[in-house]
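*Asks:* Below is the file protein24.txt, with compact mmCIF, C-alpha atoms.
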# COMPACT_ATOMS: atom_id res chain seq x y z
CA MET A 1 -373.32 29.35 -175.13
CA GLU A 2 -374.56 27.20 -177.98
CA LYS A 3 -378.14 28.28 -177.28
CA LEU A 4 -377.08 31.93 -177.30
CA LEU A 5 -375.32 31.45 -180.65
CA LYS A 6 -378.42 29.79 -182.11
CA THR A 7 -380.58 32.79 -181.10
CA PHE A 8 -378.42 34.79 -183.50
CA GLU A 9 -378.79 32.04 -186.11
CA TYR A 10 -375.23 30.79 -185.76
CA GLU A 11 -374.93 27.00 -185.96
CA GLY A 12 -371.81 27.04 -183.82
CA TRP A 13 -368.53 28.73 -183.06
CA SER A 14 -367.26 28.24 -186.60
CA ASP A 15 -370.24 30.19 -187.99
CA LEU A 16 -369.56 33.03 -185.55
CA THR A 17 -365.86 32.97 -186.44
CA SER A 18 -366.66 33.03 -190.17
CA SER A 19 -369.00 35.95 -189.59
CA LEU A 20 -366.38 37.88 -187.64
CA PHE A 21 -363.59 37.04 -190.10
CA PRO A 22 -365.14 36.35 -193.53
CA SER A 23 -361.69 36.31 -195.12
CA LEU A 24 -361.30 32.83 -193.59
CA LYS A 25 -364.04 31.48 -195.88
CA TYR A 26 -362.17 32.64 -198.97
CA SER A 27 -358.58 31.90 -197.88
CA LEU A 28 -357.86 35.62 -197.81
CA THR A 29 -356.65 35.75 -194.22
CA ALA A 30 -353.02 36.34 -195.21
CA VAL A 31 -354.04 39.21 -197.50
CA ALA A 32 -356.33 40.71 -194.84
CA LEU A 33 -353.66 40.48 -192.14
CA SER A 34 -350.98 41.91 -194.44
CA THR A 35 -353.20 44.81 -195.47
CA SER A 36 -353.99 45.57 -191.84
CA ALA A 37 -350.33 45.41 -190.83
CA ILE A 38 -349.23 47.65 -193.71
CA SER A 39 -351.99 50.13 -192.88
CA VAL A 40 -350.77 50.37 -189.28
CA VAL A 41 -347.19 50.90 -190.45
CA THR A 42 -348.19 53.61 -192.93
CA TYR A 43 -350.11 55.40 -190.19
CA LYS A 44 -347.41 55.09 -187.54
CA VAL A 45 -344.42 55.78 -189.80
CA PHE A 46 -345.78 58.05 -192.53
CA GLY A 47 -348.81 59.52 -190.77
CA LEU A 48 -351.25 58.36 -193.45
CA ASP A 49 -354.54 56.95 -192.22
CA VAL A 50 -356.19 54.01 -193.98
CA LEU A 51 -358.15 56.08 -196.53
CA ALA A 52 -355.14 58.26 -197.30
CA THR A 53 -352.98 55.16 -197.73
CA ILE A 54 -355.51 53.60 -200.10
CA ALA A 55 -355.75 56.84 -202.09
CA PHE A 56 -351.96 57.16 -202.19
CA VAL A 57 -351.53 53.58 -203.42
CA VAL A 58 -354.32 53.96 -206.01
CA VAL A 59 -352.84 57.19 -207.41
CA MET A 60 -349.37 55.61 -207.59
CA MET A 61 -350.71 52.48 -209.30
CA ILE A 62 -352.64 54.59 -211.81
CA GLU A 63 -349.52 56.60 -212.51
CA VAL A 64 -347.42 53.48 -213.11
CA LEU A 65 -350.07 51.76 -215.22
CA SER A 66 -350.85 54.87 -217.27
CA GLY A 67 -347.12 55.39 -217.76
CA MET A 68 -346.72 51.83 -219.01
CA VAL A 69 -349.64 52.24 -221.42
CA ALA A 70 -348.28 55.61 -222.61
CA SER A 71 -344.88 53.99 -223.24
CA LYS A 72 -346.56 51.23 -225.22
CA VAL A 73 -348.51 53.81 -227.29
CA GLN A 74 -345.26 55.65 -228.00
CA GLY A 75 -343.50 52.40 -228.86
CA VAL A 76 -340.99 52.83 -226.02
CA ALA A 77 -340.07 49.67 -224.18
CA THR A 78 -340.69 49.52 -220.45
CA SER A 79 -337.32 49.32 -218.74
CA SER A 80 -335.92 48.67 -215.31
CA THR A 81 -334.53 52.22 -215.39
CA LYS A 82 -338.03 53.67 -215.62
CA MET A 83 -339.22 51.48 -212.77
CA SER A 84 -336.15 52.47 -210.76
CA ARG A 85 -336.97 56.14 -211.38
CA PHE A 86 -340.47 55.54 -210.05
CA SER A 87 -339.03 53.73 -207.00
CA LEU A 88 -336.68 56.65 -206.32
CA LYS A 89 -339.59 59.07 -206.63
CA MET A 90 -341.61 56.98 -204.16
CA ALA A 91 -338.68 56.87 -201.74
CA CYS A 92 -338.41 60.68 -201.88
CA TYR A 93 -342.15 61.11 -201.33
CA LEU A 94 -342.20 58.69 -198.41
CA THR A 95 -339.13 60.32 -196.86
CA MET A 96 -340.82 63.74 -196.97
CA LEU A 97 -343.95 62.30 -195.37
CA PHE A 98 -341.94 60.41 -192.75
CA VAL A 99 -339.84 63.42 -191.74
CA SER A 100 -342.77 65.84 -191.50
CA ASN A 101 -344.86 63.30 -189.54
CA SER A 102 -341.96 62.47 -187.20
CA MET A 103 -341.29 66.13 -186.53
CA ALA A 104 -344.98 66.77 -185.80
CA GLU A 105 -345.08 63.83 -183.38
CA SER A 106 -341.85 64.97 -181.73
CA PHE A 107 -343.13 68.50 -181.15
CA ASP A 108 -346.48 67.15 -179.97
CA GLY A 109 -344.71 64.91 -177.46
CA LYS A 110 -342.71 67.89 -176.16
CA GLY A 111 -345.86 69.98 -175.85
CA SER A 112 -344.78 72.54 -178.45
CA ASP A 113 -348.03 73.63 -180.06
CA VAL A 114 -346.42 75.89 -182.66
CA GLY A 115 -343.90 73.25 -183.79
CA PHE A 116 -346.61 70.59 -183.87
CA TRP A 117 -348.99 72.83 -185.81
CA PHE A 118 -346.35 73.72 -188.40
CA PHE A 119 -345.14 70.17 -189.05
CA ASP A 120 -348.66 68.75 -188.93
CA TRP A 121 -349.68 71.35 -191.51
CA LEU A 122 -346.55 70.58 -193.58
CA HIS A 123 -347.33 66.87 -193.47
CA LEU A 124 -350.87 67.39 -194.73
CA PHE A 125 -349.67 69.88 -197.34
CA LEU A 126 -347.05 67.42 -198.63
CA ALA A 127 -349.55 64.54 -198.80
CA ILE A 128 -351.97 66.65 -200.83
CA HIS A 129 -349.25 68.16 -203.01
CA ILE A 130 -347.78 64.73 -203.80
CA ALA A 131 -351.24 63.56 -204.90
CA VAL A 132 -351.71 66.67 -207.08
CA GLU A 133 -348.29 66.22 -208.69
CA ASN A 134 -349.09 62.60 -209.50
CA ILE A 135 -352.44 63.60 -210.97
CA VAL A 136 -350.55 66.00 -213.28
CA SER A 137 -348.28 63.12 -214.26
CA ILE A 138 -351.32 60.92 -214.93
CA GLY A 139 -352.73 63.75 -217.08
CA GLU A 140 -349.54 63.75 -219.15
CA ASN A 141 -349.82 59.99 -219.60
CA LEU A 142 -353.48 60.27 -220.61
CA GLY A 143 -352.58 62.87 -223.21
CA VAL A 144 -350.11 60.45 -224.77
CA ILE A 145 -352.53 57.51 -224.50
CA THR A 146 -355.35 59.42 -226.21
CA GLY A 147 -352.98 60.65 -228.93
CA LYS A 148 -353.55 64.30 -228.06
CA GLY A 149 -350.01 65.03 -226.90
CA LYS A 150 -348.40 65.03 -223.49
CA THR A 151 -349.51 68.53 -222.57
CA TYR A 152 -353.09 68.39 -223.91
CA TRP A 153 -354.93 67.64 -220.63
CA ILE A 154 -352.61 69.87 -218.64
CA GLY A 155 -353.40 72.67 -221.10
CA GLN A 156 -357.11 72.00 -220.65
CA ILE A 157 -356.75 72.36 -216.89
CA GLN A 158 -354.67 75.53 -217.29
CA ASP A 159 -357.32 77.02 -219.57
CA LYS A 160 -360.08 76.25 -217.05
CA VAL A 161 -358.09 77.80 -214.21
CA ASN A 162 -357.33 80.88 -216.33
CA ASP A 163 -361.02 81.17 -217.29
CA LEU A 164 -361.99 80.90 -213.64
CA PHE A 165 -359.66 83.73 -212.65
CA LYS A 166 -360.77 85.86 -215.60
CA LEU A 167 -364.39 85.35 -214.53
CA LYS A 168 -363.51 86.26 -210.97
CA LYS A 169 -361.54 89.31 -212.14
CA ASN A 170 -364.48 90.46 -214.31
CA GLU A 171 -366.81 90.12 -211.28
CA ASP A 172 -364.60 92.45 -209.25
Rewrite the structure from the file as structure tokens, please.
*Replies:*
Amino acid sequence: MEKLLKTFEYEGWSDLTSSLFPSLKYSLTAVALSTSAISVVTYKVFGLDVLATIAFVVVMMIEVLSGMVASKVQGVATSSTKMSRFSLKMACYLTMLFVSNSMAESFDGKGSDVGFWFFDWLHLFLAIHIAVENIVSIGENLGVITGKGKTYWIGQIQDKVNDLFKLKKNED
């Protein structure tokens, strides 16, 4: 076995182990294991795969951080009430994702294609809609941060959408 390892330029089992699990070299094993476990839970419970989970967490973190910066710009102190509101919002989002995913899995298990299709579609719709809603919230925060007003970026998006439909209408 040692000779076989050396043909791949491994000095021994520890080199192979470090290559398979590089988090060991940096004492990140606990973080790596936790991330993996949480990813499995989010997939099994909420129906979000790894990339969707990462995107969901990133959007939520950006919303919280941009909200904190916007509060600082406005001179409003960050409070436990605001963080509690965010936690309640997250609980509502996760409940919607959990219920729609559970219903889809239930109908799939019973062989009901129509029920599965509907709740699978609803689950995907909710995941996307939650992301869009949080992007709108981030836009509000960015408007405050940049000093342009809470509705500035939202207005910019509305104008672009209106221009797009006007262009399309003129083409017809």
*Asks:* What lies within 9 Å of region 99-102 of chain A using all atoms listed in the file, ignoring chain neighbours under 4 positions off, as a CSV table (one decimal) with C-alpha atoms, keeping the file's coordinate frame?
*Replies:*
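Written output follows (selection_29.csv):
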chain,number,residue,atom,x,y,z
A,44,LYS,CA,-347.4,55.1,-187.5
A,45,VAL,CA,-344.4,55.8,-189.8
A,46,PHE,CA,-345.8,58.0,-192.5
A,47,GLY,CA,-348.8,59.5,-190.8
A,48,LEU,CA,-351.2,58.4,-193.4
A,94,LEU,CA,-342.2,58.7,-198.4
A,95,THR,CA,-339.1,60.3,-196.9
A,106,SER,CA,-341.8,65.0,-181.7
A,107,PHE,CA,-343.1,68.5,-181.2
A,119,PHE,CA,-345.1,70.2,-189.0
A,120,ASP,CA,-348.7,68.8,-188.9
A,121,TRP,CA,-349.7,71.4,-191.5
A,122,LEU,CA,-346.6,70.6,-193.6
A,123,HIS,CA,-347.3,66.9,-193.5
A,124,LEU,CA,-350.9,67.4,-194.7
A,126,LEU,CA,-347.0,67.4,-198.6
*Asks:* Using only C-alpha atoms, which protein or nucleic acid residues come within 12 Å of Met1 (chain A)? Drop anything in the same chain fewer than 2 positions from it, and give the result as a PyMOL selection string.
*Replies:* chain A and resi 3-8+10-13+16
*Asks:* Where's the centre, and what are the edge lengths in Å to one decimal, of a box along x, y and z enclosing all listed atoms of region 130-149 of chain A padded 5 Å per side, as AutoDock Vina command-line options?
*Replies:*
--center_x -351.6 --center_y 62.1 --center_z -216.4 --size_x 17.6 --size_y 19.2 --size_z 35.1
*Asks:* Tell me, as number ranges by chain, which residues lie within 6 Å of Ser66 (chain A), counting only C-alpha atoms; anything in the same chain fewer than 4 positions away does not count.
*Replies:* A: 62, 70, 141
*Asks:* Distance CA of Ile157 (chain A)-CA of Val132 (chain A), one decimal place?
*Replies:*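 A separation of 12.4 Å between them.
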*Asks:* Might you pull out every residue within 12 Å of Met83 (chain A), with only C-alpha atoms counted and same-chain residues fewer than 6 positions away left off, and present them as a ChimeraX atom specification?
*Replies:* /A:63-65,67-68,77,89-90
*Asks:* Once you have the residues from the selection above, write them out as a short mmCIF file (atom, residue, chain, number, x, y, z; two decimals), in the frame of the given file, restricted to C-alpha atoms.
*Replies:*
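File written: again18.cif
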data_model
loop_
_atom_site.label_atom_id
_atom_site.label_comp_id
_atom_site.auth_asym_id
_atom_site.auth_seq_id
_atom_site.Cartn_x
_atom_site.Cartn_y
_atom_site.Cartn_z
CA GLU A 63 -349.52 56.60 -212.51
CA VAL A 64 -347.42 53.48 -213.11
CA LEU A 65 -350.07 51.76 -215.22
CA GLY A 67 -347.12 55.39 -217.76
CA MET A 68 -346.72 51.83 -219.01
CA ALA A 77 -340.07 49.67 -224.18
CA LYS A 89 -339.59 59.07 -206.63
CA MET A 90 -341.61 56.98 -204.16
#
*Asks:* Go ahead and compute the interatomic distance for CA of Ile135 (chain A) and CA of Phe116 (chain A), in Å to one decimal.
*Replies:* 28.6 Å
*Asks:* Which residues are close to Val136 (chain A), i.e. within 10 Å by all atoms listed in the file, leaving aside same-chain residues fewer than 2 positions away? Reply as a ChimeraX atom specification.
*Replies:* /A:63,130-134,138-142,151,153-154,157
*Asks:* Please produce a file of the residues just selected, as a JSON list (two decimals), in the frame of the given file, where the atoms kept are C-alpha atoms.
*Replies:*
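And here's again_1.json as it stands now:
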[["chain", "number", "residue", "atom", "x", "y", "z"],
["A", 63, "GLU", "CA", -349.52, 56.60, -212.51],
["A", 130, "ILE", "CA", -347.78, 64.73, -203.80],
["A", 131, "ALA", "CA", -351.24, 63.56, -204.90],
["A", 132, "VAL", "CA", -351.71, 66.67, -207.08],
["A", 133, "GLU", "CA", -348.29, 66.22, -208.69],
["A", 134, "ASN", "CA", -349.09, 62.60, -209.50],
["A", 138, "ILE", "CA", -351.32, 60.92, -214.93],
["A", 139, "GLY", "CA", -352.73, 63.75, -217.08],
["A", 140, "GLU", "CA", -349.54, 63.75, -219.15],
["A", 141, "ASN", "CA", -349.82, 59.99, -219.60],
["A", 142, "LEU", "CA", -353.48, 60.27, -220.61],
["A", 151, "THR", "CA", -349.51, 68.53, -222.57],
["A", 153, "TRP", "CA", -354.93, 67.64, -220.63],
["A", 154, "ILE", "CA", -352.61, 69.87, -218.64],
["A", 157, "ILE", "CA", -356.75, 72.36, -216.89]]
*Asks:* Using all atoms listed in the file, find the one residue out of A:Ser14, A:Ser80, A:Ser36, A:Ser19 that sits nearest to Asp49 (chain A).
*Replies:*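 Counting all atoms listed in the file, the residue closest to Asp49 (chain A) is A:Ser36.
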*Asks:* Pick from A:Phe125, A:Lys110, A:Phe21, A:Leu33: nearest to Met96 (chain A), with only C-alpha atoms counted?
*Replies:*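 For Met96 (chain A), the nearest of the candidates is A:Phe125.
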*Asks:* Tell me which of A:Leu28, A:Leu97, A:Leu164, A:Val144 sits closest to Ser71 (chain A), counting all atoms listed in the file.
*Replies:*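 Using all atoms listed in the file, Ser71 (chain A) sits closest to A:Val144.
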*Asks:* To one decimal place, how far is CA of Ser18 (chain A) from CA of Glu2 (chain A) in Å?
*Replies:* 15.7 Å
